[in-house]
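Below: one structure, written as structure tokens.
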Amino acid sequence: MAERERRSTPPFGGVFVARSRVLDADDVRRALWRMAHEIIERNQGLDDVVLIGLQTGGLPFAEGLATALEEIDGARPPLGTLDVAFHRDDIGLRPVLPSTVTEIPCDLTGRTVVLVDDVLFTGRTIRAALDAVHTYGRPRAVQLAVMVDRGHRELPIRPDFVGKNLPTRRDEVVDATLEGVELGEVHKEGRW
């Protein structure tokens with residue numbers, strides 16, 4: 001690869017260089033609130049709903065959804081974390097992060113589990129999460145909430161709740177964060 005091409009291809013020098021911002025803090029906040037409303041509507045409330053944030057990127061969005069659900073419905077669903085590293089089919093190709101943990105707050109049998117992740121790309125992380133979830137019980141249903149759906153699916157997996165559909169090239173990098181997002185402001189200002 002020529003030096004000019006290397007400089008124009010993220011990540012440059014091991015550091016992600018943002019070329020454009022697709023969603024600002026207000027957009028992310030509105031997307032979380034919309035997804036929270038959709039979760040309540042689809043499940044006719046939050047009875048038996050458990051949010052599970054996938055380590056590491058999905059956890060902040062799961063916490064954001066839990067906060068939004070509590071503001072909207074008055075009840076905060078149980079929130080857990082799930083590390084799928086040992087359930088992946090490409091375990092030898094990806095690093096296993098020793099600092100991530102799995103904490104499931106209750107038995108998942110008969111519950112509706114909403115898996116929450118930051119970016120859906122090939123679907124392999126979600127496939128691994130489906131395997132891992134069944135270690136903690138047999139849920140009545142498993143739903144998927146993602147902030148960004150990039151497409152490029154290698155497996156027949158489709159999210160139930162999406163913050164933003166973002167068609168990308170396979171070689172592009174998408175970084176989804178909650179940096180600068182304060183969830184309570186939308187509700188207080190009355191802007192849904």
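Labeling convention for the structure tokens: chains A, B, ... as they appear, residues from 1 per chain, ligands from 1 in order of appearance.
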Apply DSSP to the structure's backbone, then extract all residues of stretch 67-143 of chain A labelled strand (DSSP E or B) and return them as a PyMOL selection string. chain A and resi 79-82+103+112-120+141-143
Excluding A:Thr81 and any residue of its chain fewer than 3 positions from it, enumerate the residues within 6 Å of it, using only C-alpha atoms, and give them as number ranges by chain. A: 52-54, 102-103
Store the residues picked out above, limited to N, CA and C atoms, as a PDB file, in the first residue's frame.
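So the final result, stored in selection-v3.pdb, reads:
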ATOM      1  N   ILE A  52     -29.430  -7.042  28.495  1.00  0.00           N
ATOM      2  CA  ILE A  52     -28.092  -7.601  28.609  1.00  0.00           C
ATOM      3  C   ILE A  52     -27.189  -6.829  27.649  1.00  0.00           C
ATOM      4  N   GLY A  53     -26.246  -6.067  28.198  1.00  0.00           N
ATOM      5  CA  GLY A  53     -25.292  -5.328  27.385  1.00  0.00           C
ATOM      6  C   GLY A  53     -24.102  -6.209  27.051  1.00  0.00           C
ATOM      7  N   LEU A  54     -23.736  -6.239  25.773  1.00  0.00           N
ATOM      8  CA  LEU A  54     -22.593  -7.049  25.356  1.00  0.00           C
ATOM      9  C   LEU A  54     -21.306  -6.293  25.625  1.00  0.00           C
ATOM     10  N   THR A 102     -18.980 -11.284  32.917  1.00  0.00           N
ATOM     11  CA  THR A 102     -20.384 -11.566  32.669  1.00  0.00           C
ATOM     12  C   THR A 102     -21.093 -11.510  34.004  1.00  0.00           C
ATOM     13  N   GLU A 103     -22.154 -10.708  34.078  1.00  0.00           N
ATOM     14  CA  GLU A 103     -22.988 -10.628  35.271  1.00  0.00           C
ATOM     15  C   GLU A 103     -24.440 -10.648  34.818  1.00  0.00           C
TER      16      GLU A 103
END
For A:Gly64, work out the shell of residues within 12 Å, counting only C-alpha atoms and skipping chain neighbours fewer than 4 positions away, then give it as an MDAnalysis selection string. chainID A and resid 28:36 51:53 58:60 68:71 76:77 79 116:118 145:147 177:179 181:184
Which residue out of A:Val119, A:Ala62, A:Leu23, A:Ile126 has the minimum interatomic distance to A:Asp149 when only C-alpha atoms are used?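 For A:Asp149, the nearest of the given residues is A:Val119.
Here atom CA of A:Gly123 stands at a distance of 5.7 Å from atom CA of A:Leu155.
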Separating atom CA of A:His134 from atom CA of A:Thr109, to the nearest tenth of an Å, is a gap of 8.8 Å
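Restricting the calculation to only C-alpha atoms, the smallest distance between A:Asp131 and any of A:Asp83, A:Ala66, A:Asp47, A:Arg42 is found for A:Asp83.
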May I have the residues within 7 Å of A:Thr112 as a compact mmCIF listing (two decimals) with C-alpha atoms, in the first residue's frame, using only C-alpha atoms and disregarding those fewer than 6 positions away in the same chain?
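selection_19.txt was written with the following content:
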# COMPACT_ATOMS: atom_id res chain seq x y z
CA ASP A 48 -40.13 -10.04 32.51
CA VAL A 49 -37.80 -7.91 30.32
CA VAL A 50 -34.06 -8.18 31.04
CA PRO A 139 -35.56 -17.24 27.68
CA ARG A 140 -39.09 -16.99 26.31
CA ALA A 141 -37.74 -14.61 23.63
CA VAL A 142 -34.48 -12.93 22.69
